[in-house]
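Next up, target-v4.cif (mmCIF, C-alpha atoms):
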data_data
loop_
_atom_site.group_PDB
_atom_site.id
_atom_site.type_symbol
_atom_site.label_atom_id
_atom_site.label_comp_id
_atom_site.auth_asym_id
_atom_site.auth_seq_id
_atom_site.Cartn_x
_atom_site.Cartn_y
_atom_site.Cartn_z
ATOM 1 C CA MET E 305 0.000 0.000 0.000
ATOM 2 C CA SER E 306 2.410 2.656 -1.186
ATOM 3 C CA ASP E 307 -0.372 5.163 -1.873
ATOM 4 C CA ASN E 308 -1.905 5.152 1.605
ATOM 5 C CA ASP E 309 -2.727 8.524 3.144
ATOM 6 C CA SER E 310 -2.716 7.569 6.791
ATOM 7 C CA GLY E 311 0.714 9.030 7.530
ATOM 8 C CA ASP E 312 2.852 7.049 9.939
ATOM 9 C CA TRP E 313 2.770 3.362 9.092
ATOM 10 C CA LYS E 314 5.632 2.614 11.416
ATOM 11 C CA ASP E 315 3.014 1.722 14.025
ATOM 12 C CA THR E 316 -0.031 0.064 12.533
ATOM 13 C CA THR E 317 -2.941 -1.143 14.631
ATOM 14 C CA ILE E 318 -4.515 -4.015 12.782
ATOM 15 C CA ASP E 319 -8.197 -4.050 13.692
ATOM 16 C CA ALA E 320 -11.708 -3.664 12.280
ATOM 17 C CA ALA E 321 -11.297 0.130 12.004
ATOM 18 C CA GLU E 322 -8.155 -0.324 9.914
ATOM 19 C CA ALA E 323 -9.967 -2.719 7.594
ATOM 20 C CA ALA E 324 -12.905 -0.318 7.219
ATOM 21 C CA ALA E 325 -10.588 2.604 6.441
ATOM 22 C CA HIS E 326 -8.623 0.551 3.903
ATOM 23 C CA PRO E 327 -11.002 -1.944 2.267
ATOM 24 C CA GLU E 328 -8.247 -2.950 -0.157
ATOM 25 C CA VAL E 329 -6.400 -4.684 2.686
ATOM 26 C CA ALA E 330 -9.485 -6.145 4.417
ATOM 27 C CA SER E 331 -8.578 -9.722 3.510
ATOM 28 C CA GLU E 332 -5.050 -9.343 4.895
ATOM 29 C CA VAL E 333 -6.478 -7.848 8.099
ATOM 30 C CA ALA E 334 -8.921 -10.753 8.463
ATOM 31 C CA ARG E 335 -6.205 -13.350 7.949
ATOM 32 C CA ILE E 336 -3.788 -11.622 10.340
ATOM 33 C CA ARG E 337 -6.477 -11.612 13.044
ATOM 34 C CA GLN E 338 -7.021 -15.353 12.510
ATOM 35 C CA LEU E 339 -3.299 -16.062 12.754
ATOM 36 C CA ARG E 340 -3.051 -13.968 15.903
ATOM 37 C CA GLN E 341 -5.609 -16.175 17.619
ATOM 38 C CA SER E 342 -3.416 -19.204 16.842
ATOM 39 C CA ILE E 343 -0.354 -17.308 18.117
ATOM 40 C CA ASP E 344 -2.250 -16.473 21.320
ATOM 41 C CA ASN E 345 -3.151 -20.153 21.745
ATOM 42 C CA VAL E 346 0.504 -21.142 21.384
ATOM 43 C CA ASP E 347 1.454 -18.550 24.009
ATOM 44 C CA MET E 348 -1.168 -19.876 26.417
ATOM 45 C CA ALA E 349 0.296 -23.390 26.094
ATOM 46 C CA VAL E 350 3.869 -22.110 26.466
ATOM 47 C CA VAL E 351 3.011 -20.144 29.624
ATOM 48 C CA ALA E 352 1.486 -23.297 31.143
ATOM 49 C CA LEU E 353 4.617 -25.292 30.240
ATOM 50 C CA LEU E 354 6.940 -22.607 31.596
ATOM 51 C CA ALA E 355 4.987 -22.656 34.865
ATOM 52 C CA GLU E 356 5.639 -26.411 35.137
ATOM 53 C CA ARG E 357 9.285 -25.976 34.086
ATOM 54 C CA PHE E 358 9.995 -23.446 36.825
ATOM 55 C CA LYS E 359 8.283 -25.660 39.397
ATOM 56 C CA TYR E 360 10.666 -28.462 38.392
ATOM 57 C CA THR E 361 13.748 -26.226 38.404
ATOM 58 C CA SER E 362 12.726 -24.790 41.770
ATOM 59 C CA GLN E 363 12.740 -28.351 43.157
ATOM 60 C CA VAL E 364 16.147 -28.922 41.545
ATOM 61 C CA GLY E 365 17.351 -25.718 43.224
ATOM 62 C CA VAL E 366 16.282 -26.934 46.658
ATOM 63 C CA LEU E 367 17.961 -30.329 46.118
ATOM 64 C CA LYS E 368 21.176 -28.709 44.837
ATOM 65 C CA ALA E 369 21.313 -26.361 47.809
ATOM 66 C CA ARG E 370 20.660 -29.228 50.222
ATOM 67 C CA ALA E 371 23.450 -31.336 48.654
ATOM 68 C CA GLY E 372 25.842 -28.381 48.370
ATOM 69 C CA PHE E 373 25.916 -28.429 44.569
ATOM 70 C CA ALA E 374 26.637 -25.277 42.590
ATOM 71 C CA PRO E 375 23.817 -23.697 40.530
ATOM 72 C CA ALA E 376 25.843 -24.236 37.316
ATOM 73 C CA ASP E 377 26.386 -27.618 35.645
ATOM 74 C CA HIS E 378 28.263 -27.072 32.393
ATOM 75 C CA GLN E 379 28.009 -30.672 31.235
ATOM 76 C CA ARG E 380 24.224 -30.456 31.553
ATOM 77 C CA GLU E 381 24.210 -27.188 29.600
ATOM 78 C CA ALA E 382 26.284 -28.669 26.777
ATOM 79 C CA TYR E 383 23.794 -31.538 26.566
ATOM 80 C CA GLN E 384 20.832 -29.148 26.447
ATOM 81 C CA ILE E 385 22.412 -26.945 23.746
ATOM 82 C CA GLU E 386 23.049 -29.920 21.471
ATOM 83 C CA ARG E 387 19.634 -31.507 22.106
ATOM 84 C CA LEU E 388 17.581 -28.334 21.595
ATOM 85 C CA ARG E 389 19.455 -27.569 18.374
ATOM 86 C CA ARG E 390 18.611 -31.042 17.075
ATOM 87 C CA LEU E 391 14.952 -30.792 18.131
ATOM 88 C CA ALA E 392 14.660 -27.321 16.586
ATOM 89 C CA VAL E 393 15.929 -28.513 13.198
ATOM 90 C CA GLU E 394 13.547 -31.469 13.356
ATOM 91 C CA ALA E 395 10.605 -29.155 14.149
ATOM 92 C CA GLY E 396 11.497 -26.611 11.445
ATOM 93 C CA LEU E 397 12.519 -23.945 13.959
ATOM 94 C CA ASP E 398 15.576 -21.728 13.510
ATOM 95 C CA PRO E 399 18.083 -23.281 15.984
ATOM 96 C CA GLU E 400 19.072 -19.733 16.961
ATOM 97 C CA ILE E 401 15.566 -19.279 18.431
ATOM 98 C CA ALA E 402 15.877 -22.504 20.434
ATOM 99 C CA GLU E 403 19.218 -21.309 21.799
ATOM 100 C CA ILE E 404 17.755 -17.935 22.847
ATOM 101 C CA TYR E 405 14.943 -19.823 24.598
ATOM 102 C CA ARG E 406 17.453 -22.090 26.376
ATOM 103 C CA GLU E 407 19.588 -19.167 27.533
ATOM 104 C CA PHE E 408 16.508 -17.395 28.855
ATOM 105 C CA VAL E 409 15.140 -20.304 30.903
ATOM 106 C CA VAL E 410 18.547 -21.491 32.156
ATOM 107 C CA THR E 411 19.556 -17.962 33.195
ATOM 108 C CA GLU E 412 16.313 -17.429 35.085
ATOM 109 C CA ALA E 413 16.490 -20.886 36.691
ATOM 110 C CA LYS E 414 20.083 -20.300 37.840
ATOM 111 C CA LYS E 415 19.173 -16.918 39.309
ATOM 112 C CA ARG E 416 16.478 -18.690 41.328
ATOM 113 C CA HIS E 417 18.824 -21.534 42.329
ATOM 114 C CA GLN E 418 21.275 -18.967 43.675
ATOM 115 C CA ARG E 419 18.496 -17.314 45.685
ATOM 116 C CA ILE E 420 17.538 -20.699 47.141
ATOM 117 C CA ALA E 421 21.195 -21.442 48.006
ATOM 118 C CA ASP E 422 21.604 -17.994 49.576
ATOM 119 C CA ALA E 423 18.541 -18.712 51.705
ATOM 120 C CA GLY E 424 20.146 -21.938 52.947
ATOM 121 C CA GLY E 425 18.091 -24.203 50.710
ATOM 122 C CA ASP E 426 14.880 -23.418 52.540
ATOM 123 C CA PRO E 427 12.100 -22.936 49.994
ATOM 124 C CA GLY E 428 9.903 -21.623 52.803
ATOM 125 C CA VAL E 429 11.592 -18.245 52.700
ATOM 126 C CA LEU E 430 10.984 -17.848 48.981
ATOM 127 C CA ASP E 431 8.063 -16.112 47.425
ATOM 128 C CA VAL E 432 5.516 -18.247 45.610
ATOM 129 C CA PHE E 433 7.195 -17.681 42.250
ATOM 130 C CA ALA E 434 10.757 -18.673 43.253
ATOM 131 C CA MET O 147 27.761 -30.531 52.034
ATOM 132 C CA SER O 148 30.153 -28.104 53.662
ATOM 133 C CA ASP O 149 32.785 -30.768 54.327
ATOM 134 C CA ASN O 150 33.213 -31.943 50.739
ATOM 135 C CA ASP O 151 36.767 -32.368 49.495
ATOM 136 C CA SER O 152 36.209 -32.069 45.771
ATOM 137 C CA GLY O 153 37.438 -28.513 45.509
ATOM 138 C CA ASP O 154 35.486 -26.305 43.152
ATOM 139 C CA TRP O 155 31.741 -26.741 43.644
ATOM 140 C CA LYS O 156 30.957 -23.731 41.510
ATOM 141 C CA ASP O 157 30.568 -26.139 38.599
ATOM 142 C CA THR O 158 29.044 -29.432 39.607
ATOM 143 C CA THR O 159 28.281 -32.198 37.138
ATOM 144 C CA ILE O 160 25.393 -34.161 38.531
ATOM 145 C CA ASP O 161 25.745 -37.730 37.273
ATOM 146 C CA ALA O 162 26.299 -41.312 38.386
ATOM 147 C CA ALA O 163 30.004 -40.664 39.094
ATOM 148 C CA GLU O 164 29.079 -37.789 41.392
ATOM 149 C CA ALA O 165 26.643 -39.995 43.278
ATOM 150 C CA ALA O 166 29.247 -42.778 43.620
ATOM 151 C CA ALA O 167 31.870 -40.334 44.896
ATOM 152 C CA HIS O 168 29.451 -38.781 47.381
ATOM 153 C CA PRO O 169 27.016 -41.478 48.541
ATOM 154 C CA GLU O 170 25.568 -39.080 51.118
ATOM 155 C CA VAL O 171 23.951 -37.100 48.277
ATOM 156 C CA ALA O 172 22.940 -40.088 46.121
ATOM 157 C CA SER O 173 19.222 -39.568 46.751
ATOM 158 C CA GLU O 174 19.426 -35.892 45.745
ATOM 159 C CA VAL O 175 21.330 -36.866 42.586
ATOM 160 C CA ALA O 176 18.700 -39.488 41.692
ATOM 161 C CA ARG O 177 15.828 -37.049 42.209
ATOM 162 C CA ILE O 178 17.560 -34.269 40.245
ATOM 163 C CA ARG O 179 18.058 -36.639 37.300
ATOM 164 C CA GLN O 180 14.348 -37.519 37.396
ATOM 165 C CA LEU O 181 13.346 -33.867 37.440
ATOM 166 C CA ARG O 182 15.700 -33.133 34.557
ATOM 167 C CA GLN O 183 13.884 -35.649 32.387
ATOM 168 C CA SER O 184 10.640 -33.783 33.048
ATOM 169 C CA ILE O 185 12.377 -30.481 32.280
ATOM 170 C CA ASP O 186 13.672 -31.955 29.009
ATOM 171 C CA ASN O 187 10.144 -33.075 28.117
ATOM 172 C CA VAL O 188 8.823 -29.566 28.730
ATOM 173 C CA ASP O 189 11.571 -28.162 26.495
ATOM 174 C CA MET O 190 10.695 -30.594 23.717
ATOM 175 C CA ALA O 191 7.071 -29.430 23.820
ATOM 176 C CA VAL O 192 8.068 -25.764 23.928
ATOM 177 C CA VAL O 193 10.396 -26.138 20.923
ATOM 178 C CA ALA O 194 7.537 -27.716 18.945
ATOM 179 C CA LEU O 195 5.225 -24.850 19.932
ATOM 180 C CA LEU O 196 7.826 -22.206 19.096
ATOM 181 C CA ALA O 197 8.251 -23.811 15.660
ATOM 182 C CA GLU O 198 4.496 -23.393 15.070
ATOM 183 C CA ARG O 199 4.525 -19.869 16.509
ATOM 184 C CA PHE O 200 7.245 -18.696 14.115
ATOM 185 C CA LYS O 201 5.443 -20.281 11.174
ATOM 186 C CA TYR O 202 2.371 -18.220 12.118
ATOM 187 C CA THR O 203 4.326 -15.011 12.628
ATOM 188 C CA SER O 204 6.163 -15.556 9.352
ATOM 189 C CA GLN O 205 2.767 -15.673 7.616
ATOM 190 C CA VAL O 206 1.756 -12.497 9.464
ATOM 191 C CA GLY O 207 4.992 -10.891 8.252
ATOM 192 C CA VAL O 208 4.206 -11.681 4.637
ATOM 193 C CA LEU O 209 0.639 -10.336 4.977
ATOM 194 C CA LYS O 210 1.843 -7.160 6.710
ATOM 195 C CA ALA O 211 4.457 -6.538 4.021
ATOM 196 C CA ARG O 212 1.885 -7.166 1.277
ATOM 197 C CA ALA O 213 -0.579 -4.720 2.860
ATOM 198 C CA GLY O 214 2.109 -2.152 3.679
ATOM 199 C CA PHE O 215 1.683 -2.476 7.440
ATOM 200 C CA ALA O 216 4.585 -1.733 9.791
ATOM 201 C CA PRO O 217 6.187 -4.618 11.733
ATOM 202 C CA ALA O 218 5.201 -2.972 15.054
ATOM 203 C CA ASP O 219 1.646 -2.870 16.422
ATOM 204 C CA HIS O 220 1.737 -1.289 19.861
ATOM 205 C CA GLN O 221 -1.934 -1.933 20.623
ATOM 206 C CA ARG O 222 -1.379 -5.628 19.960
ATOM 207 C CA GLU O 223 1.678 -5.621 22.243
ATOM 208 C CA ALA O 224 -0.231 -3.959 25.085
ATOM 209 C CA TYR O 225 -2.908 -6.656 24.749
ATOM 210 C CA GLN O 226 -0.287 -9.433 24.830
ATOM 211 C CA ILE O 227 1.508 -7.996 27.883
ATOM 212 C CA GLU O 228 -1.723 -7.798 29.884
ATOM 213 C CA ARG O 229 -2.950 -11.237 28.766
ATOM 214 C CA LEU O 230 0.307 -13.109 29.417
ATOM 215 C CA ARG O 231 0.597 -11.523 32.861
ATOM 216 C CA ARG O 232 -2.904 -12.741 33.701
ATOM 217 C CA LEU O 233 -2.256 -16.254 32.328
ATOM 218 C CA ALA O 234 1.065 -16.454 34.209
ATOM 219 C CA VAL O 235 -0.555 -15.634 37.536
ATOM 220 C CA GLU O 236 -3.280 -18.188 36.839
ATOM 221 C CA ALA O 237 -0.655 -20.871 36.032
ATOM 222 C CA GLY O 238 1.523 -20.065 39.067
ATOM 223 C CA LEU O 239 4.338 -18.596 36.946
ATOM 224 C CA ASP O 240 6.251 -15.452 37.922
ATOM 225 C CA PRO O 241 4.730 -12.834 35.552
ATOM 226 C CA GLU O 242 8.265 -11.482 35.052
ATOM 227 C CA ILE O 243 9.150 -14.782 33.304
ATOM 228 C CA ALA O 244 6.125 -14.500 31.018
ATOM 229 C CA GLU O 245 7.153 -10.951 30.110
ATOM 230 C CA ILE O 246 10.725 -12.051 29.284
ATOM 231 C CA TYR O 247 9.245 -14.803 27.081
ATOM 232 C CA ARG O 248 6.971 -12.285 25.332
ATOM 233 C CA GLU O 249 9.792 -9.828 24.696
ATOM 234 C CA PHE O 250 11.938 -12.616 23.271
ATOM 235 C CA VAL O 251 9.367 -13.971 20.805
ATOM 236 C CA VAL O 252 8.031 -10.547 19.776
ATOM 237 C CA THR O 253 11.541 -9.183 19.221
ATOM 238 C CA GLU O 254 12.517 -12.162 17.087
ATOM 239 C CA ALA O 255 9.227 -12.073 15.161
ATOM 240 C CA LYS O 256 9.615 -8.349 14.434
ATOM 241 C CA LYS O 257 13.188 -8.841 13.216
ATOM 242 C CA ARG O 258 11.855 -11.429 10.783
ATOM 243 C CA HIS O 259 8.917 -9.206 9.733
ATOM 244 C CA GLN O 260 11.384 -6.446 8.898
ATOM 245 C CA ARG O 261 13.438 -8.875 6.791
ATOM 246 C CA ILE O 262 10.294 -9.919 4.921
ATOM 247 C CA ALA O 263 9.320 -6.270 4.345
ATOM 248 C CA ASP O 264 12.864 -5.432 3.172
ATOM 249 C CA ALA O 265 12.598 -8.302 0.705
ATOM 250 C CA GLY O 266 9.389 -6.815 -0.713
ATOM 251 C CA GLY O 267 7.091 -9.264 1.073
ATOM 252 C CA ASP O 268 8.328 -12.181 -0.975
ATOM 253 C CA PRO O 269 8.749 -15.191 1.302
ATOM 254 C CA GLY O 270 10.524 -16.965 -1.548
ATOM 255 C CA VAL O 271 13.709 -15.045 -0.874
ATOM 256 C CA LEU O 272 13.763 -16.075 2.780
ATOM 257 C CA ASP O 273 15.664 -18.993 4.157
ATOM 258 C CA VAL O 274 13.676 -21.933 5.508
ATOM 259 C CA PHE O 275 13.753 -20.578 9.055
ATOM 260 C CA ALA O 276 12.595 -17.010 8.338
#
Just give me the structure of the file as C-alpha cells.
Amino acid sequence: MSDNDSGDWKDTTIDAAEAAAHPEVASEVARIRQLRQSIDNVDMAVVALLAERFKYTSQVGVLKARAGFAPADHQREAYQIERLRRLAVEAGLDPEIAEIYREFVVTEAKKRHQRIADAGGDPGVLDVFA
Amino acid sequence: MSDNDSGDWKDTTIDAAEAAAHPEVASEVARIRQLRQSIDNVDMAVVALLAERFKYTSQVGVLKARAGFAPADHQREAYQIERLRRLAVEAGLDPEIAEIYREFVVTEAKKRHQRIADAGGDPGVLDVFA
C-alpha cells in the first residue's frame, strides 16, 4: 500500500477500524487476526509449560542447595544446547531461536537456584514464584 | 555438604560418578536426574510450539508486508503484555518470566517481519527458518 494517506505506518494497529478505512487490505487484516488467535493459543500453552518448568527447576534448586551443589552444571548445559538444536531442526525452527529460549530459561532458573542457596536451601523463605 | 573435598563446587556435574563419589547425596542426585527428564520433556514441547509460533508469525509478516503495514503494532503488544501476565498468575508462573518470554518472541518475530518487508514481502527469498 504505497499510496496510503494515513501518515505514519511505522506503528499500525490491525483491527476492524483499519480494515474499514482501507477496504483494499481487508482480507489481509482478516487473515492476520485469525493467525493472531493461533499465536495467542501457542502462548497460552507455552506459559502453562513454563509454569511447570519453573516448578521443576525450583525443586532442583532446593535439592542442589541441600546437597551443596553449585547452581551451574556445564556438562548439563552442553547436553541441552546440542539436544535443543537437534529438536529445533527437526521441528522446522531456527536453531538460533531454540538457543535464545534455552539461555533465557537457564539464566532465570540459575538466578532462582542462587536465591535458594543464599537462603540456605529453605524454599519456605521464597516467594511463591521462586 | 560443607565438608566436601572435591574442591570447586561452583561447577558441579550431577551424574552417576558424582553420586558414587558422594554417597551421602545419592538420593538428591537421583531425584535431580528424574526432574531433569521432566524439564527436558517440557523443552521438547516448547520447541515444537515455538516452531508453530514462528510459522504463524512468518505468515503475518508476509501479509503485513503485502498490505504495507509496519512490523510494530503497539496496541497488539499492550494486549499481549496484559494477557500473558494474567495467564502467568493463573498458572503459578512469575509474571516477570512471562514478560521475558513475550519480549523474546516478539523481538525475534519483528526482526523477521522487517526482513520480509525489506525483501518486498516475498517469502521466496527467505531462508527456511525465516
ask   = Quick one, how far is atom CA of Val235 of chain O from atom CA of Ser184 of chain O?
value = 21.8 Å
key: Nearest residue to Ala330 of chain E from the set O:Ile262, O:Glu242, O:Lys210, O:Tyr202 (distances using all atoms listed in the file)   = O:Lys210
Chain E in the frame of chain O after Cα least-squares fit, as a compact mmCIF listing (two decimals) with C-alpha atoms, in the coordinates of the input:
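Output file part-v5.txt is given in full below:
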# COMPACT_ATOMS: atom_id res chain seq x y z
CA MET E 305 27.81 -30.69 52.03
CA SER E 306 30.13 -28.23 53.71
CA ASP E 307 32.79 -30.88 54.39
CA ASN E 308 33.23 -32.04 50.79
CA ASP E 309 36.79 -32.45 49.54
CA SER E 310 36.19 -32.13 45.83
CA GLY E 311 37.43 -28.54 45.58
CA ASP E 312 35.51 -26.32 43.19
CA TRP E 313 31.78 -26.76 43.64
CA LYS E 314 31.02 -23.74 41.54
CA ASP E 315 30.60 -26.13 38.61
CA THR E 316 29.07 -29.42 39.63
CA THR E 317 28.31 -32.18 37.15
CA ILE E 318 25.42 -34.15 38.53
CA ASP E 319 25.78 -37.71 37.28
CA ALA E 320 26.32 -41.31 38.38
CA ALA E 321 30.02 -40.65 39.08
CA GLU E 322 29.11 -37.78 41.41
CA ALA E 323 26.67 -39.99 43.28
CA ALA E 324 29.26 -42.77 43.62
CA ALA E 325 31.89 -40.34 44.91
CA HIS E 326 29.45 -38.80 47.40
CA PRO E 327 27.01 -41.51 48.54
CA GLU E 328 25.56 -39.11 51.10
CA VAL E 329 23.95 -37.11 48.28
CA ALA E 330 22.93 -40.10 46.12
CA SER E 331 19.22 -39.55 46.74
CA GLU E 332 19.43 -35.88 45.74
CA VAL E 333 21.34 -36.86 42.59
CA ALA E 334 18.69 -39.46 41.70
CA ARG E 335 15.84 -37.01 42.20
CA ILE E 336 17.58 -34.23 40.24
CA ARG E 337 18.07 -36.62 37.31
CA GLN E 338 14.36 -37.49 37.40
CA LEU E 339 13.37 -33.83 37.44
CA ARG E 340 15.72 -33.10 34.56
CA GLN E 341 13.91 -35.62 32.39
CA SER E 342 10.65 -33.75 33.06
CA ILE E 343 12.40 -30.44 32.28
CA ASP E 344 13.69 -31.93 29.01
CA ASN E 345 10.15 -33.05 28.13
CA VAL E 346 8.83 -29.53 28.73
CA ASP E 347 11.57 -28.13 26.49
CA MET E 348 10.71 -30.58 23.72
CA ALA E 349 7.07 -29.42 23.82
CA VAL E 350 8.08 -25.74 23.92
CA VAL E 351 10.40 -26.12 20.92
CA ALA E 352 7.54 -27.71 18.94
CA LEU E 353 5.22 -24.84 19.93
CA LEU E 354 7.82 -22.20 19.09
CA ALA E 355 8.24 -23.81 15.66
CA GLU E 356 4.49 -23.41 15.06
CA ARG E 357 4.52 -19.87 16.50
CA PHE E 358 7.23 -18.69 14.11
CA LYS E 359 5.42 -20.29 11.18
CA TYR E 360 2.34 -18.23 12.11
CA THR E 361 4.31 -15.01 12.62
CA SER E 362 6.14 -15.57 9.34
CA GLN E 363 2.74 -15.68 7.60
CA VAL E 364 1.73 -12.50 9.46
CA GLY E 365 4.97 -10.90 8.25
CA VAL E 366 4.18 -11.70 4.62
CA LEU E 367 0.62 -10.34 4.96
CA LYS E 368 1.84 -7.16 6.71
CA ALA E 369 4.44 -6.55 4.02
CA ARG E 370 1.88 -7.15 1.27
CA ALA E 371 -0.59 -4.70 2.87
CA GLY E 372 2.11 -2.14 3.69
CA PHE E 373 1.70 -2.47 7.45
CA ALA E 374 4.57 -1.72 9.81
CA PRO E 375 6.18 -4.62 11.74
CA ALA E 376 5.17 -2.98 15.06
CA ASP E 377 1.61 -2.86 16.42
CA HIS E 378 1.69 -1.30 19.87
CA GLN E 379 -1.97 -1.93 20.62
CA ARG E 380 -1.41 -5.64 19.97
CA GLU E 381 1.64 -5.61 22.24
CA ALA E 382 -0.27 -3.96 25.08
CA TYR E 383 -2.93 -6.66 24.76
CA GLN E 384 -0.32 -9.43 24.84
CA ILE E 385 1.48 -7.98 27.89
CA GLU E 386 -1.74 -7.80 29.90
CA ARG E 387 -2.97 -11.24 28.78
CA LEU E 388 0.30 -13.10 29.41
CA ARG E 389 0.59 -11.52 32.86
CA ARG E 390 -2.91 -12.74 33.71
CA LEU E 391 -2.25 -16.25 32.34
CA ALA E 392 1.07 -16.44 34.20
CA VAL E 393 -0.54 -15.62 37.55
CA GLU E 394 -3.26 -18.18 36.86
CA ALA E 395 -0.65 -20.85 36.04
CA GLY E 396 1.55 -20.06 39.06
CA LEU E 397 4.35 -18.59 36.94
CA ASP E 398 6.25 -15.44 37.91
CA PRO E 399 4.73 -12.81 35.54
CA GLU E 400 8.26 -11.47 35.03
CA ILE E 401 9.15 -14.76 33.29
CA ALA E 402 6.11 -14.48 31.00
CA GLU E 403 7.15 -10.94 30.09
CA ILE E 404 10.72 -12.04 29.26
CA TYR E 405 9.25 -14.78 27.07
CA ARG E 406 6.96 -12.28 25.31
CA GLU E 407 9.79 -9.82 24.67
CA PHE E 408 11.93 -12.61 23.25
CA VAL E 409 9.35 -13.97 20.79
CA VAL E 410 8.01 -10.55 19.75
CA THR E 411 11.53 -9.18 19.19
CA GLU E 412 12.50 -12.16 17.06
CA ALA E 413 9.21 -12.08 15.13
CA LYS E 414 9.60 -8.35 14.40
CA LYS E 415 13.17 -8.85 13.20
CA ARG E 416 11.83 -11.45 10.76
CA HIS E 417 8.91 -9.23 9.70
CA GLN E 418 11.38 -6.47 8.87
CA ARG E 419 13.45 -8.90 6.79
CA ILE E 420 10.31 -9.94 4.90
CA ALA E 421 9.35 -6.28 4.32
CA ASP E 422 12.88 -5.46 3.16
CA ALA E 423 12.63 -8.33 0.69
CA GLY E 424 9.41 -6.85 -0.72
CA GLY E 425 7.12 -9.28 1.06
CA ASP E 426 8.34 -12.22 -0.98
CA PRO E 427 8.81 -15.21 1.33
CA GLY E 428 10.56 -17.00 -1.53
CA VAL E 429 13.76 -15.09 -0.92
CA LEU E 430 13.85 -16.05 2.75
CA ASP E 431 15.67 -18.98 4.19
CA VAL E 432 13.59 -21.85 5.52
CA PHE E 433 13.69 -20.49 9.07
CA ALA E 434 12.51 -16.92 8.31
key: Atomic separation - atom CA of Ile404 of chain E relative to atom CA of Arg335 of chain E, Å   =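 Separation of atom CA of Arg335 of chain E and atom CA of Ile404 of chain E: 28.6 Å.
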note = One residue among E:Ala413, E:Ala369, E:Ile336, E:Ala382 is nearest to chain O when using all atoms listed in the file, and that residue is E:Ile336
message = Set the cut-off to 8 Å and count all atoms listed in the file: what are the residues of chain E that reach chain O? Output as number ranges by chain.
response = E: 305-306, 313-318, 329, 332, 336, 339-340, 342-343, 346-348, 350-358, 360-361, 363-364, 367-368, 370-380, 388, 391-392, 395-398, 401-402, 404-405, 408, 412, 432-434
inquiry  = If I take atom CA of Ser362 of chain E and atom CA of Arg416 of chain E, how far is one from the other in Å, to one decimal?
reply    =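 Answer for the atom CA of Ser362 of chain E to atom CA of Arg416 of chain E separation: 7.2 Å.
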Hey, can I get the axis-aligned box for segment 212-231 of chain O? All listed atoms, 3 Å padding on each side, centre and edge lengths in Å to one decimal, as AutoDock Vina command-line options.
--center_x 1.6 --center_y -7.2 --center_z 17.1 --size_x 15.1 --size_y 17.8 --size_z 37.6
